[in-house]
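Taking it in order: structure first as structure tokens, then the write-up.
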Amino acid sequence: MKKLYTAALLLIGGLIFSQVGINSIDPKATLDIAAKNATGTITDTDGILIPHVDRERAQNMAAVETSTMIYVNDISTGTNSGKAIRIDEAGFYYFDGIVWQKLDLNNHSYSLGDIQYSARATDHDGWYLLDGRPVVNLPANAQSAAANLGLTGNLFDAVDKTLKAKSTTESIGTVGGNTSFTISQSNLPNIALAGTASVTINSAGSHAHGPDKGTGFLITGLPGGGYGGGSAGSWGGTGVATTTASAGGHTHTLSQAVAIPLGGSNQPIDNRSAYLALNTFIYLGE
């Protein structure tokens with residue numbers, strides 16, 4: 001009865017003065033609530049108690065007015081979808097006309113699935129280390145958030161990896177690339193290397209060239225033709241042999257494949273630029 005009487009007084013006051021004061025005879029706004037005991041050691045509670053609902057209830061409210069405020073006390077019900085897409089932890093929420101938005105008293109603006117680097121080594125404040133662990137090892141609310149992001153088996157494993165924007169043919173979480181690579185012959189430029197080579201020619205060792213008229217040519221006798229006459233260069237002639245063949249001085253032509261060692265040891269090349277090592281985290285809600 002007392003509650004009905006109080007409500008009636010508030011309604012009448014609102015109709016007459018267009019401003020309502022609770023514990024105030026001089027309201028300064030449409031609704032002005034003053035503490036019953038603003039100072040002192042009295043233990044009575046002053047304040048406004050916002051309605052408490054679970055996520056499922058918030059998700060199914062129809063025709064919610066913009067700026068409506070609630071306190072979500074249980075997120076084990078309902079899902080992160082529809083009006084409740086942003087409800088991922090217990091706390092105050094207000095309706096923005098489309099979804100329930102978190103009233104973030106820490107001025108954070110995180111959304112499920114956000115990624116950040118950190119010097120911290122373990123999970124913290126709704127951020128979970130991307131170390132490839134099974135999703136079932138996470139708290140219930142984080143499991144639900146991970147499932148909404150398509151993570152039903154394991155978290156992404158970002159250990160010793162950098163991040164890149166996905167291509168049109170890749171899926172979120174695709175892993176590729178290597179930290180090092182090895183150059184093969186097909187990777188080398190098509191150029192001729194200039195240099196010198198030391199070549200040994202197989203031969204019969206020290207040798208002589210024979211005359212081009214046989215082995216019976218006389219190199220002694222009378223000048224002008226003795227012992228049958230003739231001249232140098234004829235069989236039976238006399239004279240002095242000054243050449244061993246008609247070509248005289250000459251060169252030998254060699255054709256041989258030459259292997260030029262480059263002196264390498266096939267060590268792989270580090271494929272990374274200079275870096276600072278940090279841990280990678282994903283936000284799954286507190």
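Letters A, B, ... go to the chains of the structure tokens in the order shown; residues in each chain start at 1; ligands are counted from 1 in the same order.
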
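Excluding range 126-141 of chain A and any residue on its chain fewer than 5 positions from it, the residues at most 7 Å away by only C-alpha atoms are Ser76, Thr152, Gly153, Asn154, Leu155, Phe156, Asp157, Ala158, Val159, Thr280, Phe281, Ile282, Tyr283, Leu284, Gly285 and Glu286 of chain A.
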
Would you output that residue set with N, CA, C and O atoms, as an mmCIF file, in the first residue's frame?
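This went into part32.cif:
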```cif
data_model
loop_
_atom_site.group_PDB
_atom_site.id
_atom_site.type_symbol
_atom_site.label_atom_id
_atom_site.label_comp_id
_atom_site.auth_asym_id
_atom_site.auth_seq_id
_atom_site.Cartn_x
_atom_site.Cartn_y
_atom_site.Cartn_z
ATOM 1 N N SER A 76 25.550 -17.233 -18.930
ATOM 2 C CA SER A 76 25.530 -18.659 -19.284
ATOM 3 C C SER A 76 24.289 -19.005 -20.096
ATOM 4 O O SER A 76 24.195 -20.086 -20.675
ATOM 5 N N THR A 152 36.154 -23.786 -32.751
ATOM 6 C CA THR A 152 35.518 -24.889 -32.033
ATOM 7 C C THR A 152 36.515 -25.960 -31.613
ATOM 8 O O THR A 152 36.194 -26.784 -30.755
ATOM 9 N N GLY A 153 37.697 -25.974 -32.196
ATOM 10 C CA GLY A 153 38.706 -26.977 -31.851
ATOM 11 C C GLY A 153 39.791 -26.404 -30.964
ATOM 12 O O GLY A 153 39.847 -26.669 -29.757
ATOM 13 N N ASN A 154 40.657 -25.615 -31.565
ATOM 14 C CA ASN A 154 41.768 -25.001 -30.846
ATOM 15 C C ASN A 154 41.822 -23.501 -31.132
ATOM 16 O O ASN A 154 41.324 -23.043 -32.166
ATOM 17 N N LEU A 155 42.432 -22.768 -30.208
ATOM 18 C CA LEU A 155 42.733 -21.372 -30.486
ATOM 19 C C LEU A 155 43.779 -21.294 -31.587
ATOM 20 O O LEU A 155 44.505 -22.264 -31.845
ATOM 21 N N PHE A 156 43.871 -20.163 -32.248
ATOM 22 C CA PHE A 156 44.962 -19.967 -33.205
ATOM 23 C C PHE A 156 46.289 -20.095 -32.474
ATOM 24 O O PHE A 156 46.399 -19.766 -31.291
ATOM 25 N N ASP A 157 47.298 -20.572 -33.184
ATOM 26 C CA ASP A 157 48.642 -20.670 -32.612
ATOM 27 C C ASP A 157 49.521 -19.606 -33.257
ATOM 28 O O ASP A 157 49.938 -19.737 -34.402
ATOM 29 N N ALA A 158 49.779 -18.526 -32.521
ATOM 30 C CA ALA A 158 50.562 -17.405 -33.049
ATOM 31 C C ALA A 158 52.010 -17.441 -32.578
ATOM 32 O O ALA A 158 52.747 -16.477 -32.790
ATOM 33 N N VAL A 159 52.436 -18.547 -31.974
ATOM 34 C CA VAL A 159 53.797 -18.647 -31.456
ATOM 35 C C VAL A 159 54.800 -18.557 -32.612
ATOM 36 O O VAL A 159 54.704 -19.302 -33.591
ATOM 37 N N THR A 280 50.876 -12.742 -28.400
ATOM 38 C CA THR A 280 49.680 -12.333 -29.107
ATOM 39 C C THR A 280 48.450 -12.862 -28.365
ATOM 40 O O THR A 280 48.402 -14.036 -27.988
ATOM 41 N N PHE A 281 47.445 -11.982 -28.170
ATOM 42 C CA PHE A 281 46.248 -12.328 -27.415
ATOM 43 C C PHE A 281 44.995 -12.041 -28.238
ATOM 44 O O PHE A 281 44.992 -11.159 -29.093
ATOM 45 N N ILE A 282 43.921 -12.788 -27.944
ATOM 46 C CA ILE A 282 42.603 -12.549 -28.546
ATOM 47 C C ILE A 282 41.616 -12.239 -27.419
ATOM 48 O O ILE A 282 41.675 -12.826 -26.339
ATOM 49 N N TYR A 283 40.707 -11.300 -27.693
ATOM 50 C CA TYR A 283 39.744 -10.906 -26.663
ATOM 51 C C TYR A 283 38.492 -11.773 -26.786
ATOM 52 O O TYR A 283 37.822 -11.799 -27.824
ATOM 53 N N LEU A 284 38.187 -12.510 -25.703
ATOM 54 C CA LEU A 284 37.012 -13.381 -25.652
ATOM 55 C C LEU A 284 36.060 -12.991 -24.525
ATOM 56 O O LEU A 284 35.134 -13.742 -24.203
ATOM 57 N N GLY A 285 36.270 -11.839 -23.936
ATOM 58 C CA GLY A 285 35.380 -11.359 -22.875
ATOM 59 C C GLY A 285 35.794 -11.830 -21.491
ATOM 60 O O GLY A 285 36.434 -12.858 -21.336
ATOM 61 N N GLU A 286 35.427 -11.049 -20.502
ATOM 62 C CA GLU A 286 35.771 -11.378 -19.117
ATOM 63 C C GLU A 286 34.683 -12.238 -18.487
ATOM 64 O O GLU A 286 33.538 -12.196 -18.878
#
```

Closest pair table for range 103-126 of chain A residues within 9 Å of range 87-97 of chain A, only C-alpha atoms, as a tab-separated table:
```
residue	atom	partner	partner_atom	distance
A:Leu103	CA	A:Tyr93	CA	5.2
A:Asp104	CA	A:Phe92	CA	7.8
A:Leu112	CA	A:Asp88	CA	8.0
```

* Asked: Taking into account only C-alpha atoms, which residue in the set A:Glu170, A:Asp74, A:Asp270, A:Glu65 is nearest to Val99 in chain A?
  ->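 When distances to Val99 in chain A are compared using only C-alpha atoms, the smallest one comes from A:Glu65.
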
When DSSP works through the backbone of this structure, what residues of range 40-198 of chain A end up as alpha helix (DSSP H), shown as an mmCIF file with N, CA, C and O atoms, in the first residue's frame?
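Result file selection11.cif:
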```
data_model
loop_
_atom_site.group_PDB
_atom_site.id
_atom_site.type_symbol
_atom_site.label_atom_id
_atom_site.label_comp_id
_atom_site.auth_asym_id
_atom_site.auth_seq_id
_atom_site.Cartn_x
_atom_site.Cartn_y
_atom_site.Cartn_z
ATOM 1 N N ARG A 55 21.383 -12.888 -19.815
ATOM 2 C CA ARG A 55 21.586 -12.554 -21.236
ATOM 3 C C ARG A 55 20.405 -12.991 -22.097
ATOM 4 O O ARG A 55 20.008 -12.285 -23.033
ATOM 5 N N GLU A 56 19.847 -14.147 -21.791
ATOM 6 C CA GLU A 56 18.718 -14.627 -22.580
ATOM 7 C C GLU A 56 17.536 -13.671 -22.502
ATOM 8 O O GLU A 56 16.857 -13.403 -23.499
ATOM 9 N N ARG A 57 17.275 -13.139 -21.303
ATOM 10 C CA ARG A 57 16.170 -12.186 -21.140
ATOM 11 C C ARG A 57 16.434 -10.911 -21.939
ATOM 12 O O ARG A 57 15.562 -10.399 -22.633
ATOM 13 N N ALA A 58 17.658 -10.396 -21.864
ATOM 14 C CA ALA A 58 18.008 -9.194 -22.628
ATOM 15 C C ALA A 58 17.909 -9.442 -24.125
ATOM 16 O O ALA A 58 17.482 -8.570 -24.893
ATOM 17 N N GLN A 59 18.285 -10.640 -24.548
ATOM 18 C CA GLN A 59 18.271 -10.984 -25.964
ATOM 19 C C GLN A 59 16.855 -11.041 -26.531
ATOM 20 O O GLN A 59 16.643 -10.746 -27.705
ATOM 21 N N ASN A 60 15.883 -11.377 -25.696
ATOM 22 C CA ASN A 60 14.512 -11.585 -26.174
ATOM 23 C C ASN A 60 13.572 -10.422 -25.882
ATOM 24 O O ASN A 60 12.385 -10.503 -26.184
ATOM 25 N N ALA A 140 33.780 -21.107 -19.478
ATOM 26 C CA ALA A 140 32.554 -21.314 -20.262
ATOM 27 C C ALA A 140 32.228 -20.124 -21.149
ATOM 28 O O ALA A 140 31.877 -20.283 -22.321
ATOM 29 N N ASN A 141 32.325 -18.900 -20.602
ATOM 30 C CA ASN A 141 31.963 -17.732 -21.410
ATOM 31 C C ASN A 141 32.951 -17.540 -22.560
ATOM 32 O O ASN A 141 32.577 -17.120 -23.657
ATOM 33 N N ALA A 142 34.239 -17.848 -22.336
ATOM 34 C CA ALA A 142 35.236 -17.722 -23.399
ATOM 35 C C ALA A 142 35.023 -18.794 -24.467
ATOM 36 O O ALA A 142 35.241 -18.548 -25.655
ATOM 37 N N GLN A 143 34.585 -19.990 -24.047
ATOM 38 C CA GLN A 143 34.266 -21.035 -25.017
ATOM 39 C C GLN A 143 33.128 -20.592 -25.927
ATOM 40 O O GLN A 143 33.175 -20.797 -27.148
ATOM 41 N N SER A 144 32.106 -19.983 -25.322
ATOM 42 C CA SER A 144 30.970 -19.506 -26.105
ATOM 43 C C SER A 144 31.398 -18.425 -27.088
ATOM 44 O O SER A 144 30.997 -18.431 -28.264
ATOM 45 N N ALA A 145 32.225 -17.496 -26.623
ATOM 46 C CA ALA A 145 32.713 -16.432 -27.504
ATOM 47 C C ALA A 145 33.568 -17.009 -28.628
ATOM 48 O O ALA A 145 33.463 -16.588 -29.783
ATOM 49 N N ALA A 146 34.425 -17.972 -28.292
ATOM 50 C CA ALA A 146 35.281 -18.598 -29.311
ATOM 51 C C ALA A 146 34.431 -19.309 -30.361
ATOM 52 O O ALA A 146 34.718 -19.234 -31.563
ATOM 53 N N ALA A 147 33.366 -19.982 -29.921
ATOM 54 C CA ALA A 147 32.494 -20.687 -30.860
ATOM 55 C C ALA A 147 31.828 -19.708 -31.821
ATOM 56 O O ALA A 147 31.672 -19.988 -33.009
ATOM 57 N N ASN A 148 31.446 -18.530 -31.317
ATOM 58 C CA ASN A 148 30.837 -17.509 -32.176
ATOM 59 C C ASN A 148 31.813 -16.963 -33.207
ATOM 60 O O ASN A 148 31.407 -16.399 -34.232
#
```

* Selected residue, from A:Ser118, A:Asp160, A:Val72, A:Ala34, that lies nearest to Pro51 in chain A when counting only C-alpha atoms -> A:Val72
